[in-house]
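Peer 1: model23.cif is reproduced below (mmCIF, C-alpha atoms).
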data_start
loop_
_atom_site.label_atom_id
_atom_site.label_comp_id
_atom_site.auth_asym_id
_atom_site.auth_seq_id
_atom_site.Cartn_x
_atom_site.Cartn_y
_atom_site.Cartn_z
CA MET A 154 110.34 119.42 128.53
CA LYS A 155 108.67 116.28 127.25
CA LYS A 156 110.71 113.49 125.71
CA ILE A 157 110.39 112.51 122.05
CA ARG A 158 110.45 108.91 120.79
CA LEU A 159 111.33 108.75 117.09
CA GLY A 160 109.38 106.43 114.85
CA ILE A 161 108.33 105.45 111.38
CA GLY A 162 105.07 104.00 110.17
CA THR A 163 103.02 102.78 107.29
CA TYR A 164 102.53 106.38 106.09
CA SER A 165 106.30 106.73 105.82
CA PHE A 166 105.83 104.44 102.81
CA PRO A 167 102.47 105.33 101.22
CA ILE A 168 103.41 103.92 97.81
CA GLY A 169 105.56 101.05 99.02
CA SER A 170 102.65 99.90 101.18
CA GLY A 171 100.51 99.41 98.07
CA LYS A 172 97.80 101.90 99.04
CA LEU A 173 97.17 103.04 95.45
CA PRO A 174 95.76 100.14 93.38
CA ASP A 175 96.83 101.68 90.06
CA PHE A 176 100.36 102.56 91.21
CA ARG A 177 101.70 99.60 93.17
CA PRO A 178 105.22 98.20 93.23
CA LYS A 179 105.54 94.57 92.19
CA ARG A 180 106.27 93.66 95.79
CA CYS A 181 104.43 95.73 98.39
CA LEU A 182 105.73 96.10 101.92
CA SER A 183 104.27 93.88 104.62
CA HIS A 184 103.74 94.94 108.22
CA LEU A 185 106.82 92.96 109.20
CA ASP A 186 108.81 94.82 106.53
CA ILE A 187 107.89 98.11 108.23
CA LEU A 188 109.13 96.72 111.56
CA ARG A 189 112.35 95.55 109.90
CA HIS A 190 112.92 99.05 108.52
CA ALA A 191 112.55 100.41 112.05
CA VAL A 192 115.17 97.99 113.35
CA GLU A 193 117.53 98.85 110.49
CA GLN A 194 117.12 102.58 111.17
CA ASN A 195 117.34 102.14 114.96
CA VAL A 196 114.02 103.79 115.77
CA PRO A 197 111.97 102.50 118.70
CA VAL A 198 108.38 103.21 117.56
CA VAL A 199 106.36 101.83 114.65
CA GLN A 200 102.88 103.11 113.79
CA LEU A 201 100.73 100.68 111.78
CA ALA A 202 97.91 102.81 110.39
CA ASP A 203 94.82 102.48 108.23
CA ASN A 204 96.61 102.43 104.86
CA MET A 205 97.67 98.88 105.80
CA PRO A 206 94.58 97.76 107.77
CA LEU A 207 95.44 95.46 110.65
CA GLU A 208 91.91 94.05 110.68
CA ALA A 209 92.76 92.25 107.40
CA LEU A 210 95.41 90.14 109.14
CA SER A 211 94.93 86.70 110.63
CA SER A 212 95.48 85.92 114.31
CA ASP A 213 98.75 84.20 113.43
CA GLN A 214 99.95 87.28 111.52
CA LEU A 215 99.10 89.57 114.45
CA ASP A 216 100.95 87.26 116.81
CA GLU A 217 103.97 87.30 114.50
CA ILE A 218 104.04 91.12 114.56
CA ALA A 219 103.74 91.17 118.36
CA GLU A 220 106.51 88.60 118.78
CA TYR A 221 108.87 90.42 116.40
CA ALA A 222 108.24 93.76 118.12
CA THR A 223 108.88 92.29 121.55
CA ALA A 224 112.03 90.51 120.41
CA HIS A 225 113.48 93.73 118.94
CA GLY A 226 112.32 96.17 121.61
CA LEU A 227 109.86 98.00 119.37
CA THR A 228 106.83 99.92 120.61
CA ILE A 229 103.76 99.44 118.41
CA GLU A 230 101.13 102.09 117.75
CA THR A 231 98.01 101.18 115.79
CA GLY A 232 95.67 103.24 113.62
CA CYS A 233 92.17 103.27 112.16
CA ARG A 234 89.39 105.47 110.82
CA LEU A 235 86.85 105.92 113.60
CA GLN A 236 83.61 105.29 111.72
CA GLU A 237 81.58 103.22 114.21
CA SER A 238 81.79 101.94 117.78
CA SER A 239 82.38 98.47 116.33
CA THR A 240 85.46 99.74 114.47
CA LEU A 241 86.93 101.03 117.70
CA GLU A 242 86.13 97.77 119.51
CA THR A 243 87.96 95.84 116.79
CA TYR A 244 91.04 98.03 117.08
CA LEU A 245 91.05 98.04 120.87
CA GLU A 246 91.35 94.26 120.69
CA ILE A 247 94.01 94.40 117.96
CA SER A 248 95.92 96.95 120.04
CA ARG A 249 95.74 94.64 123.05
CA ARG A 250 97.12 91.73 121.04
CA LEU A 251 99.99 93.85 119.73
CA HIS A 252 100.72 95.40 123.16
CA ALA A 253 100.21 98.79 121.51
CA THR A 254 100.59 101.93 123.59
CA MET A 255 98.55 104.23 121.36
CA LEU A 256 95.71 103.96 118.85
CA ARG A 257 95.70 106.80 116.33
CA CYS A 258 92.23 107.59 114.95
CA LEU A 259 90.86 109.82 112.25
CA PRO A 260 87.51 111.29 113.41
CA ALA A 261 84.23 109.92 112.11
CA CYS A 262 82.66 111.10 108.87
CA GLU A 263 79.25 110.39 107.40
CA GLY A 264 80.23 110.17 103.74
CA ASP A 265 81.96 113.50 103.19
CA THR A 266 80.33 115.13 106.22
CA PRO A 267 82.45 115.43 109.39
CA ASN A 268 80.79 114.25 112.59
CA LEU A 269 82.75 115.16 115.72
CA ASP A 270 79.66 114.69 117.90
CA LYS A 271 79.64 111.02 116.91
CA THR A 272 83.38 110.78 117.54
CA GLU A 273 82.98 112.26 121.01
CA HIS A 274 80.12 109.89 121.83
CA ILE A 275 82.15 106.84 120.74
CA LEU A 276 85.17 107.95 122.76
CA LYS A 277 83.16 108.56 125.94
CA GLY A 278 81.95 104.98 125.76
CA VAL A 279 85.45 103.46 125.95
CA LEU A 280 87.10 105.61 128.62
CA PRO A 281 87.00 102.91 131.34
CA ARG A 282 88.47 100.34 128.95
CA LEU A 283 91.32 102.64 127.94
CA ALA A 284 92.37 103.03 131.55
CA ALA A 285 92.17 99.27 132.16
CA GLN A 286 94.14 98.55 128.98
CA GLN A 287 96.64 101.38 129.53
CA LEU A 288 96.01 102.49 125.94
CA VAL A 289 95.97 106.10 124.73
CA ILE A 290 93.80 107.16 121.80
CA GLY A 291 95.14 109.99 119.62
CA ILE A 292 92.76 111.95 117.37
CA GLU A 293 94.48 113.26 114.25
CA ASN A 294 93.83 116.62 112.61
CA TYR A 295 93.16 116.69 108.89
CA GLU A 296 91.49 118.90 106.36
CA ARG A 297 87.86 118.04 107.10
CA TYR A 298 88.01 119.46 110.62
CA ALA A 299 89.23 122.69 112.12
CA SER A 300 91.91 121.98 114.71
CA GLN A 301 90.00 124.22 117.10
CA ALA A 302 87.01 121.85 116.94
CA ILE A 303 89.23 118.86 117.74
CA GLY A 304 90.94 120.75 120.55
CA ASP A 305 87.58 121.78 122.02
CA MET A 306 86.40 118.16 121.93
CA LEU A 307 89.55 116.97 123.71
CA THR A 308 89.09 119.67 126.36
CA ARG A 309 85.52 118.49 126.99
CA LEU A 310 86.62 114.85 127.23
CA ASP A 311 89.37 115.86 129.65
CA SER A 312 90.97 112.42 129.84
CA PRO A 313 94.62 111.39 130.20
CA TRP A 314 93.78 108.52 127.83
CA ILE A 315 92.65 110.66 124.87
CA GLY A 316 94.80 113.26 123.14
CA ALA A 317 95.82 114.65 119.77
CA VAL A 318 97.94 113.29 116.97
CA LEU A 319 99.23 116.61 115.73
CA ASP A 320 99.99 116.40 112.02
CA THR A 321 102.13 119.29 110.83
CA THR A 322 100.77 119.42 107.29
CA ASN A 323 97.31 117.83 106.96
CA SER A 324 95.43 121.00 107.87
CA LEU A 325 96.89 122.92 104.94
CA GLY A 326 93.92 121.45 103.08
CA ARG A 327 91.65 123.88 104.94
CA PHE A 328 94.11 126.83 104.72
CA GLU A 329 95.19 126.33 108.32
CA ARG A 330 98.80 127.23 109.11
CA ILE A 331 100.92 125.22 111.51
CA ASP A 332 100.85 127.97 114.17
CA GLU A 333 97.06 127.73 114.33
CA THR A 334 97.18 123.93 114.48
CA MET A 335 99.72 124.01 117.30
CA HIS A 336 97.79 126.69 119.18
CA HIS A 337 94.80 124.37 119.48
CA LEU A 338 96.47 120.96 119.71
CA ALA A 339 100.00 121.21 121.12
CA ARG A 340 98.84 120.95 124.72
CA HIS A 341 96.84 117.80 123.88
CA THR A 342 99.58 116.09 121.87
CA VAL A 343 100.34 112.40 122.42
CA CYS A 344 101.92 111.88 118.98
CA LEU A 345 103.46 114.16 116.36
CA HIS A 346 103.27 113.39 112.65
CA LEU A 347 106.15 115.22 111.01
CA LYS A 348 106.10 115.88 107.30
CA ASP A 349 107.48 118.79 105.34
CA TYR A 350 106.34 120.47 102.14
CA THR A 351 107.09 123.06 99.49
CA ILE A 352 104.78 125.40 97.58
CA GLU A 353 105.78 126.24 94.01
CA ARG A 354 104.05 128.20 91.30
CA LYS A 355 102.98 126.13 88.30
CA PRO A 356 105.06 126.64 85.13
CA SER A 357 101.96 128.19 83.56
CA MET A 358 102.01 130.78 86.39
CA SER A 359 98.35 129.86 87.02
CA GLY A 360 98.18 128.50 90.55
CA PHE A 361 100.49 126.68 92.92
CA VAL A 362 101.48 123.09 93.68
CA ILE A 363 101.98 121.78 97.23
CA SER A 364 104.45 118.89 97.31
CA GLY A 365 106.06 116.79 100.00
CA THR A 366 109.77 116.97 100.70
CA PRO A 367 112.19 115.42 103.25
CA LEU A 368 112.23 117.03 106.69
CA GLY A 369 114.39 120.12 106.89
CA THR A 370 114.22 120.89 103.17
CA GLY A 371 110.75 122.44 103.04
CA MET A 372 108.80 125.34 104.51
CA HIS A 373 108.37 124.09 108.06
CA ASP A 374 110.63 125.37 110.82
CA ILE A 375 111.07 121.91 112.32
CA PRO A 376 113.15 122.92 115.39
CA ARG A 377 110.51 125.52 116.34
CA ILE A 378 107.70 123.00 115.95
CA LEU A 379 109.51 120.46 118.13
CA GLN A 380 110.28 123.10 120.76
CA LYS A 381 106.65 124.25 120.88
CA VAL A 382 105.17 120.76 121.16
CA ARG A 383 107.78 119.54 123.66
CA SER A 384 107.06 122.50 125.92
CA GLU A 385 103.26 122.13 125.84
CA ALA A 386 102.43 118.45 125.23
CA LYS A 387 100.51 116.63 127.94
CA SER A 388 103.11 113.83 128.13
CA ASP A 389 106.12 112.35 126.38
CA PHE A 390 105.15 111.62 122.77
CA SER A 391 106.14 109.70 119.66
CA CYS A 392 107.32 111.56 116.58
CA ILE A 393 106.45 109.66 113.40
CA ILE A 394 108.07 110.55 110.07
CA GLU A 395 105.56 110.61 107.21
CA ASN A 396 106.06 111.29 103.52
CA TRP A 397 103.97 113.08 100.93
CA ILE A 398 105.99 111.49 98.20
CA VAL A 399 106.37 112.96 94.72
CA ALA A 400 105.45 110.21 92.23
CA GLN A 401 108.30 109.09 90.01
CA SER A 402 108.07 107.29 86.65
CA THR A 403 107.38 103.91 88.28
CA ALA A 404 105.97 102.70 91.58
CA GLU A 405 109.25 100.89 92.30
CA GLU A 406 111.27 104.07 91.88
CA THR A 407 108.80 105.99 94.03
CA ALA A 408 108.98 103.35 96.78
CA ARG A 409 112.78 103.56 96.66
CA LEU A 410 112.56 107.32 97.06
CA GLU A 411 110.29 106.89 100.09
CA ARG A 412 112.99 104.85 101.77
CA GLU A 413 115.62 107.48 100.93
CA TRP A 414 113.47 110.33 102.23
CA THR A 415 112.80 108.45 105.46
CA LYS A 416 116.52 107.88 106.05
CA GLN A 417 117.28 111.52 105.17
CA SER A 418 114.56 112.80 107.52
CA LEU A 419 115.82 110.61 110.38
CA ALA A 420 119.36 111.86 109.83
CA TYR A 421 118.08 115.45 109.89
CA LEU A 422 116.18 114.94 113.15
CA ARG A 423 119.15 113.28 114.79
CA GLY A 424 121.39 116.06 113.51
CA ILE A 425 119.32 118.68 115.36
CA GLY A 426 119.38 116.64 118.53
CA THR A 427 115.93 115.07 118.45
#
Take the structure I supplied and represent it as structure tokens, if you would.
Peer 2:
Amino acid sequence: MKKIRLGIGTYSFPIGSGKLPDFRPKRCLSHLDILRHAVEQNVPVVQLADNMPLEALSSDQLDEIAEYATAHGLTIETGCRLQESSTLETYLEISRRLHATMLRCLPACEGDTPNLDKTEHILKGVLPRLAAQQLVIGIENYERYASQAIGDMLTRLDSPWIGAVLDTTNSLGRFERIDETMHHLARHTVCLHLKDYTIERKPSMSGFVISGTPLGTGMHDIPRILQKVRSEAKSDFSCIIENWIVAQSTAEETARLEREWTKQSLAYLRGIGT
């Protein structure tokens, strides 16, 4: 059985991070705020992803993050959207500066058109550097790609330095159930994004609404997911709590709810022995 390292990240706080320009709290979270939350909640891993782009930070700010993480025993994971080789080069260097152990990537798209061939070509070009840097790249599933296509690409690459970031809910957007996602990606998993959801019929009875919810209160069988991934993953992996938050009347109230959901989800995971 593989070991799980609990973590939080910038997508634990999608509103608090200020991602939506028209629905931002008066004070948005900084990267250091995310690290402080991790220390307060006693989780060892922090994933800093593309909703709070690290490339926008100065060298001094990156150094400050690295120093804080080292001082508090935190493991950093980074994240980007893999559009060009130059993007990956930028984030390989940022990952080096932050002593990151994993770089989570969304596969390349040309506008709205998925391009896994381009993703595979970019990844092949950095394999020697990943080994030298001791950095793993994780490719995340989401609605623009079938998990089977990502799994097939990872099988072709056949590298210990490239795996899957298995997101439990993203692929609902292409009518893909979690069992199908796990079938194709569990054995490649280097990181698990855990988020839960509910499906409710609209009051008009015309259609359904998919909404996020704290872990253990939605439709996912979380213990079964953890058991499946732990038994098949290629190595020990991080487990990052993410929130599809239900917007409240204000951005401040929504950001507060994100923090509550994150604490509730951590308590749930610890309660089932994660």
Peer 1: Assuming the chain letters and numbering stay as they are in my file, what does the PyMOL selection byres ((chain A and resi 367) around 10) actually select? List them as an NGL selection string.
Peer 2: :A and (347-351 or 365-366 or 368-371 or 394-398 or 411 or 413-419 or 421)
Peer 1: Near Ser300 in chain A, counting only C-alpha atoms, which residues have an atom at most 9 Å away, once you skip same-chain residues fewer than 2 positions from it, shown as a ChimeraX atom specification?
Peer 2: /A:294-296,298,302-305,324,329,333-338
Peer 1: Evaluating the PyMOL selection byres ((chain A and resi 382) around 8) on the displayed file yields which residues, as a PyMOL selection string?
Peer 2: chain A and resi 335+339-340+342+378-381+383-386
Peer 1: List the spatial neighbours of Ile275 in chain A as a PyMOL selection string - criterion: any atom at most 12 Å away, only C-alpha atoms, same-chain residues fewer than 6 positions off excluded.
Peer 2: chain A and resi 235-242+258+260-261+268-269+290+310+315
Peer 1: Can you turn the PyMOL selection byres ((chain A and resi 160) around 12) into a concrete residue list for this file, as a PyMOL selection string?
Peer 2: chain A and resi 157-159+161-165+187-188+190-201+227-230+344-347+390-395+415-416+418-419+422-423+427
Peer 1: Between CA of His184 in chain A and CA of Leu207 in chain A, what is the distance, to one decimal in Å?
Peer 2: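 CA of His184 in chain A sits 8.7 Å away from CA of Leu207 in chain A.
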Peer 1: I need the residue nearest Asp186 in chain A from this list: A:Gly278, A:Gly169, A:Gly424, A:Gly264. Use all atoms listed in the file for the distance.
Peer 2: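 For Asp186 in chain A, the nearest of the given residues is A:Gly169.
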Peer 1: Mind giving me the straight-line distance from CA of Thr407 in chain A to CA of Pro174 in chain A in Å, one decimal?
Peer 2: 14.3 Å
Peer 1: Between CA of Thr321 in chain A and CA of Tyr244 in chain A, what is the distance in Å, rounded to a tenth?
Peer 2: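 Separation of CA of Thr321 in chain A and CA of Tyr244 in chain A: 24.8 Å.
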Peer 1: If we draw a sphere of 7 Å around (84.4, 118.1, 106.4), which residues have at least one atom in it when counting only C-alpha atoms? Please report them as an MDAnalysis selection string.
Peer 2: chainID A and resid 265:267 297:298
Peer 1: May I have the centre and edge lengths, in Å to one decimal, of an axis-aligned box around the listed atoms of range 390-400 of chain A with 3 Å added to every side, as lines of an AutoDock Vina configuration file?
Peer 2:
center_x = 106.0
center_y = 111.4
center_z = 107.5
size_x = 10.1
size_y = 9.4
size_z = 36.5
Peer 1: Compile the contact shell of Lys277 in chain A as a tab-separated table (two decimals) with C-alpha atoms, in the frame of the given file: residues with an atom at most 12 Å away, counting all atoms listed in the file, same-chain residues fewer than 2 positions apart removed.
Peer 2:
chain	number	residue	atom	x	y	z
A	238	SER	CA	81.79	101.94	117.78
A	241	LEU	CA	86.93	101.03	117.70
A	270	ASP	CA	79.66	114.69	117.90
A	271	LYS	CA	79.64	111.02	116.91
A	272	THR	CA	83.38	110.78	117.54
A	273	GLU	CA	82.98	112.26	121.01
A	274	HIS	CA	80.12	109.89	121.83
A	275	ILE	CA	82.15	106.84	120.74
A	279	VAL	CA	85.45	103.46	125.95
A	280	LEU	CA	87.10	105.61	128.62
A	281	PRO	CA	87.00	102.91	131.34
A	282	ARG	CA	88.47	100.34	128.95
A	283	LEU	CA	91.32	102.64	127.94
A	290	ILE	CA	93.80	107.16	121.80
A	306	MET	CA	86.40	118.16	121.93
A	307	LEU	CA	89.55	116.97	123.71
A	309	ARG	CA	85.52	118.49	126.99
A	310	LEU	CA	86.62	114.85	127.23
A	311	ASP	CA	89.37	115.86	129.65
A	312	SER	CA	90.97	112.42	129.84
A	314	TRP	CA	93.78	108.52	127.83
A	315	ILE	CA	92.65	110.66	124.87
Peer 1: Rank A:Arg330, A:His373, A:Arg189, A:Arg234 by their smallest atom-to-atom distance to Glu293 in chain A, using all atoms listed in the file, and report the top residue only.
Peer 2: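 Ranking A:Arg330, A:His373, A:Arg189, A:Arg234 by distance to Glu293 in chain A, first place goes to A:Arg234.
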Peer 1: Mind completing range 336-359 of chain A with N, CA, C and O atoms? Output as a CSV table (one decimal), keeping the file's coordinate frame, please?
Peer 2:
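Heads up, here's the output in result-v3.csv:
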chain,number,residue,atom,x,y,z
A,336,HIS,N,98.5,125.9,118.1
A,336,HIS,CA,97.8,126.7,119.2
A,336,HIS,C,96.7,125.9,119.8
A,336,HIS,O,96.5,125.9,121.0
A,337,HIS,N,96.0,125.1,119.0
A,337,HIS,CA,94.8,124.4,119.5
A,337,HIS,C,95.1,123.0,120.0
A,337,HIS,O,94.4,122.4,120.8
A,338,LEU,N,96.2,122.4,119.4
A,338,LEU,CA,96.5,121.0,119.7
A,338,LEU,C,97.8,120.6,120.4
A,338,LEU,O,97.9,119.5,121.0
A,339,ALA,N,98.7,121.6,120.5
A,339,ALA,CA,100.0,121.2,121.1
A,339,ALA,C,99.8,120.7,122.5
A,339,ALA,O,100.5,119.7,122.9
A,340,ARG,N,99.0,121.3,123.3
A,340,ARG,CA,98.8,121.0,124.7
A,340,ARG,C,98.2,119.6,124.9
A,340,ARG,O,98.2,119.0,126.0
A,341,HIS,N,97.5,119.1,123.8
A,341,HIS,CA,96.8,117.8,123.9
A,341,HIS,C,97.7,116.7,123.3
A,341,HIS,O,97.3,115.5,123.2
A,342,THR,N,98.8,117.0,122.7
A,342,THR,CA,99.6,116.1,121.9
A,342,THR,C,100.1,114.8,122.6
A,342,THR,O,100.7,114.9,123.6
A,343,VAL,N,99.8,113.7,122.0
A,343,VAL,CA,100.3,112.4,122.4
A,343,VAL,C,101.2,111.8,121.3
A,343,VAL,O,101.9,110.8,121.5
A,344,CYS,N,101.1,112.4,120.1
A,344,CYS,CA,101.9,111.9,119.0
A,344,CYS,C,102.0,113.0,118.0
A,344,CYS,O,101.1,113.8,117.8
A,345,LEU,N,103.2,113.1,117.4
A,345,LEU,CA,103.5,114.2,116.4
A,345,LEU,C,103.8,113.5,115.0
A,345,LEU,O,104.6,112.6,115.0
A,346,HIS,N,103.0,113.8,114.0
A,346,HIS,CA,103.3,113.4,112.6
A,346,HIS,C,104.1,114.5,111.9
A,346,HIS,O,103.5,115.6,111.7
A,347,LEU,N,105.3,114.2,111.7
A,347,LEU,CA,106.2,115.2,111.0
A,347,LEU,C,106.2,114.9,109.5
A,347,LEU,O,106.7,113.9,109.1
A,348,LYS,N,105.8,115.9,108.7
A,348,LYS,CA,106.1,115.9,107.3
A,348,LYS,C,106.3,117.3,106.8
A,348,LYS,O,105.7,118.2,107.4
A,349,ASP,N,107.1,117.5,105.8
A,349,ASP,CA,107.5,118.8,105.3
A,349,ASP,C,106.9,119.0,103.9
A,349,ASP,O,106.5,118.0,103.3
A,350,TYR,N,106.9,120.2,103.4
A,350,TYR,CA,106.3,120.5,102.1
A,350,TYR,C,106.9,121.7,101.5
A,350,TYR,O,107.6,122.5,102.2
A,351,THR,N,106.7,121.8,100.2
A,351,THR,CA,107.1,123.1,99.5
A,351,THR,C,105.9,123.5,98.7
A,351,THR,O,104.9,122.8,98.4
A,352,ILE,N,105.8,124.8,98.4
A,352,ILE,CA,104.8,125.4,97.6
A,352,ILE,C,105.5,126.1,96.4
A,352,ILE,O,106.3,127.0,96.6
A,353,GLU,N,105.2,125.7,95.2
A,353,GLU,CA,105.8,126.2,94.0
A,353,GLU,C,104.7,126.7,93.0
A,353,GLU,O,103.7,126.0,92.9
A,354,ARG,N,105.0,127.8,92.3
A,354,ARG,CA,104.0,128.2,91.3
A,354,ARG,C,104.1,127.3,90.1
A,354,ARG,O,105.2,126.8,89.7
A,355,LYS,N,103.0,127.0,89.5
A,355,LYS,CA,103.0,126.1,88.3
A,355,LYS,C,103.8,126.8,87.2
A,355,LYS,O,103.8,128.1,87.1
A,356,PRO,N,104.4,126.0,86.3
A,356,PRO,CA,105.1,126.6,85.1
A,356,PRO,C,104.2,127.6,84.3
A,356,PRO,O,104.7,128.6,83.7
A,357,SER,N,102.9,127.3,84.3
A,357,SER,CA,102.0,128.2,83.6
A,357,SER,C,101.7,129.5,84.3
A,357,SER,O,101.1,130.4,83.7
A,358,MET,N,102.2,129.6,85.5
A,358,MET,CA,102.0,130.8,86.4
A,358,MET,C,100.6,130.9,86.9
A,358,MET,O,100.2,131.9,87.5
A,359,SER,N,99.8,129.9,86.6
A,359,SER,CA,98.4,129.9,87.0
A,359,SER,C,98.2,128.9,88.2
A,359,SER,O,97.9,127.7,88.0
